[in-house]
Amino acid sequence: EARRVVGALAPTPLESGLVDALGRITARLEQETGVRTEVRVEGDVTSLPPGTEVALLRTAQSALANVRQHAQATSVVLTLAEAEDSVRLDVVDDGRGFDVATLGAAPSGPVCGGYGLRASRERLLELGGGLDVESEPGSGTALSAHLPRGPGGGWR
């Protein structure tokens, strides 16, 4: 029974890949809210391990939920990029922004605000990566998730 439960919790490959999944979730956001969306891809991000894909998809979902609920944005751009030794997902909106320190979005800041940013940061840290958030009131928000290319979060 324990093996079945653990197996069910393990990440599985996304059926059509991370890029397609990002396209679907951004298209749904645009259709439901009118927020203009764009997905950009830089480099070869087609052979990511399932754990990396799942972590980046969950981070994107959380970031887009924040855009939907809080940002009052008119546009959001997701960029998935391969770097020399890592993969990075940037989510940038033109919304109202917020004080990163006050809402607990800074890595060493107080634990307050919503669960989404903390959960994303913890998931990425478990895979050897991290999450950076830049924002200030009136200036939109930029979130950058990164995972290593090596053994912890690396490609096959």
# chains A, B, ... in the order shown; residues from 1 in each chain; ligands from 1
$ residues_around --residues "Leu124 (chain A)" --least-positions-apart "4" --cutoff "12 Å" --atoms "only C-alpha atoms" --output "count of residues only"
28
$ residues_around --residues "Thr141 (chain A)" --least-positions-apart "2" --cutoff "12 Å" --atoms "only C-alpha atoms" --output "VMD selection string"
chain A and resid 63 to 64 66 to 67 70 to 73 75 to 78 90 to 100 105 132 to 139 143 to 144
$ write_last_selection --atoms "N, CA, C and O atoms" --output "compact mmCIF listing (two decimals), in the first residue's frame"
# COMPACT_ATOMS: atom_id res chain seq x y z
N ALA A 63 2.40 31.23 -10.17
CA ALA A 63 2.63 32.62 -10.58
C ALA A 63 1.43 33.18 -11.34
O ALA A 63 1.01 34.32 -11.11
N LEU A 64 0.85 32.37 -12.22
CA LEU A 64 -0.31 32.83 -12.98
C LEU A 64 -1.55 32.97 -12.10
O LEU A 64 -2.38 33.85 -12.33
N ASN A 66 -1.38 34.03 -9.06
CA ASN A 66 -1.15 35.33 -8.43
C ASN A 66 -1.48 36.47 -9.38
O ASN A 66 -2.05 37.49 -8.97
N VAL A 67 -1.12 36.31 -10.66
CA VAL A 67 -1.47 37.34 -11.66
C VAL A 67 -2.98 37.48 -11.72
O VAL A 67 -3.53 38.59 -11.70
N HIS A 70 -4.30 38.85 -7.99
CA HIS A 70 -3.77 40.02 -7.30
C HIS A 70 -3.20 41.12 -8.20
O HIS A 70 -3.22 42.28 -7.80
N ALA A 71 -2.67 40.79 -9.35
CA ALA A 71 -1.81 41.73 -10.09
C ALA A 71 -2.55 42.85 -10.81
O ALA A 71 -1.98 43.91 -11.03
N GLN A 72 -3.77 42.60 -11.22
CA GLN A 72 -4.48 43.57 -12.07
C GLN A 72 -3.64 43.89 -13.30
O GLN A 72 -3.55 45.04 -13.73
N ALA A 73 -3.02 42.88 -13.86
CA ALA A 73 -2.13 43.05 -15.02
C ALA A 73 -2.93 43.06 -16.32
O ALA A 73 -4.04 42.53 -16.39
N SER A 75 -0.90 42.26 -19.15
CA SER A 75 -0.12 41.29 -19.92
C SER A 75 0.86 40.55 -19.00
O SER A 75 1.28 41.07 -17.97
N VAL A 76 1.21 39.33 -19.44
CA VAL A 76 2.19 38.51 -18.74
C VAL A 76 2.97 37.72 -19.78
O VAL A 76 2.41 37.23 -20.76
N VAL A 77 4.29 37.64 -19.57
CA VAL A 77 5.17 36.90 -20.47
C VAL A 77 5.88 35.82 -19.68
O VAL A 77 6.49 36.11 -18.64
N LEU A 78 5.81 34.58 -20.17
CA LEU A 78 6.56 33.47 -19.58
C LEU A 78 7.70 33.16 -20.54
O LEU A 78 7.49 33.00 -21.74
N ASP A 90 11.00 32.43 -16.36
CA ASP A 90 10.70 33.80 -15.91
C ASP A 90 9.24 34.09 -16.20
O ASP A 90 8.73 33.76 -17.28
N VAL A 91 8.56 34.69 -15.23
CA VAL A 91 7.18 35.11 -15.38
C VAL A 91 7.15 36.59 -15.03
O VAL A 91 7.43 36.97 -13.90
N VAL A 92 6.83 37.43 -16.03
CA VAL A 92 6.88 38.88 -15.85
C VAL A 92 5.52 39.47 -16.21
O VAL A 92 5.02 39.24 -17.32
N ASP A 93 4.93 40.22 -15.26
CA ASP A 93 3.65 40.86 -15.55
C ASP A 93 3.78 42.37 -15.40
O ASP A 93 4.73 42.87 -14.82
N ASP A 94 2.80 43.09 -15.96
CA ASP A 94 2.80 44.55 -15.89
C ASP A 94 1.76 45.05 -14.88
O ASP A 94 1.25 46.15 -15.01
N GLY A 95 1.49 44.25 -13.87
CA GLY A 95 0.46 44.59 -12.89
C GLY A 95 0.89 45.61 -11.87
O GLY A 95 1.89 46.31 -12.02
N ARG A 96 0.13 45.63 -10.79
CA ARG A 96 0.31 46.66 -9.77
C ARG A 96 1.50 46.44 -8.86
O ARG A 96 1.90 47.33 -8.13
N GLY A 97 2.10 45.25 -8.88
CA GLY A 97 3.28 44.97 -8.06
C GLY A 97 2.96 44.94 -6.59
O GLY A 97 1.82 45.12 -6.17
N PHE A 98 3.98 44.70 -5.79
CA PHE A 98 3.83 44.64 -4.34
C PHE A 98 5.19 44.79 -3.69
O PHE A 98 6.22 44.71 -4.33
N ASP A 99 5.18 44.99 -2.39
CA ASP A 99 6.41 45.10 -1.61
C ASP A 99 6.86 43.69 -1.25
O ASP A 99 6.23 43.01 -0.44
N VAL A 100 7.94 43.24 -1.86
CA VAL A 100 8.43 41.87 -1.70
C VAL A 100 8.72 41.54 -0.24
O VAL A 100 8.34 40.48 0.26
N ALA A 105 7.92 37.42 0.18
CA ALA A 105 8.41 36.83 -1.06
C ALA A 105 9.93 36.78 -1.13
O ALA A 105 10.49 36.09 -1.97
N ASP A 132 13.57 33.66 -7.39
CA ASP A 132 13.80 35.07 -7.11
C ASP A 132 12.56 35.84 -7.53
O ASP A 132 11.97 35.56 -8.59
N VAL A 133 12.16 36.80 -6.71
CA VAL A 133 11.00 37.63 -7.00
C VAL A 133 11.42 39.09 -6.89
O VAL A 133 11.99 39.50 -5.88
N GLU A 134 11.11 39.85 -7.93
CA GLU A 134 11.37 41.29 -7.93
C GLU A 134 10.05 41.99 -8.20
O GLU A 134 9.34 41.65 -9.15
N SER A 135 9.73 42.95 -7.36
CA SER A 135 8.51 43.72 -7.53
C SER A 135 8.56 44.93 -6.64
O SER A 135 9.30 44.95 -5.65
N GLU A 136 7.80 45.92 -6.99
CA GLU A 136 7.56 47.05 -6.12
C GLU A 136 6.22 47.64 -6.52
O GLU A 136 5.79 47.50 -7.67
N PRO A 137 5.53 48.23 -5.58
CA PRO A 137 4.21 48.76 -5.88
C PRO A 137 4.21 49.65 -7.12
O PRO A 137 5.06 50.52 -7.27
N GLY A 138 3.28 49.38 -8.03
CA GLY A 138 3.13 50.16 -9.25
C GLY A 138 4.03 49.73 -10.39
O GLY A 138 3.98 50.33 -11.47
N SER A 139 4.86 48.70 -10.22
CA SER A 139 5.86 48.36 -11.24
C SER A 139 5.76 46.95 -11.79
O SER A 139 6.69 46.49 -12.44
N LEU A 143 9.21 37.14 -11.68
CA LEU A 143 9.55 35.95 -10.92
C LEU A 143 10.49 35.13 -11.78
O LEU A 143 10.26 34.97 -12.98
N SER A 144 11.56 34.62 -11.19
CA SER A 144 12.52 33.81 -11.93
C SER A 144 12.82 32.53 -11.15
O SER A 144 13.37 32.59 -10.05
$ select_by_dssp --residues "region 58-127 of chain A" --states "helix (DSSP H, G or I)" --output "PyMOL selection string"
chain A and resi 58-71+115-126
$ closest_residue --among "A:Arg121, A:Thr33, A:Val39, A:Ser47" --to "Ala21 (chain A)" --atoms "only C-alpha atoms"
A:Val39
$ atom_distance --atom1 "CA of Gly43 (chain A)" --atom2 "CA of Gly17 (chain A)"
14.8 Å
$ residues_around --residues "Asp20 (chain A)" --least-positions-apart "2" --cutoff "12 Å" --atoms "only C-alpha atoms" --output "ChimeraX atom specification"
/A:14-18,22-27,39-41,45-46,53,57,80
$ closest_residue --among "A:Ala142, A:Val19, A:Val35, A:Ala101" --to "Leu48 (chain A)" --atoms "only C-alpha atoms"
A:Val19
$ closest_residue --among "A:Leu29, A:Glu82, A:Pro49, A:Arg36" --to "Arg68 (chain A)" --atoms "only C-alpha atoms"
A:Leu29
$ atom_distance --atom1 "CA of Thr102 (chain A)" --atom2 "CA of Thr74 (chain A)"
23.9 Å
$ atom_distance --atom1 "CA of Gln69 (chain A)" --atom2 "CA of Glu38 (chain A)"
18.6 Å
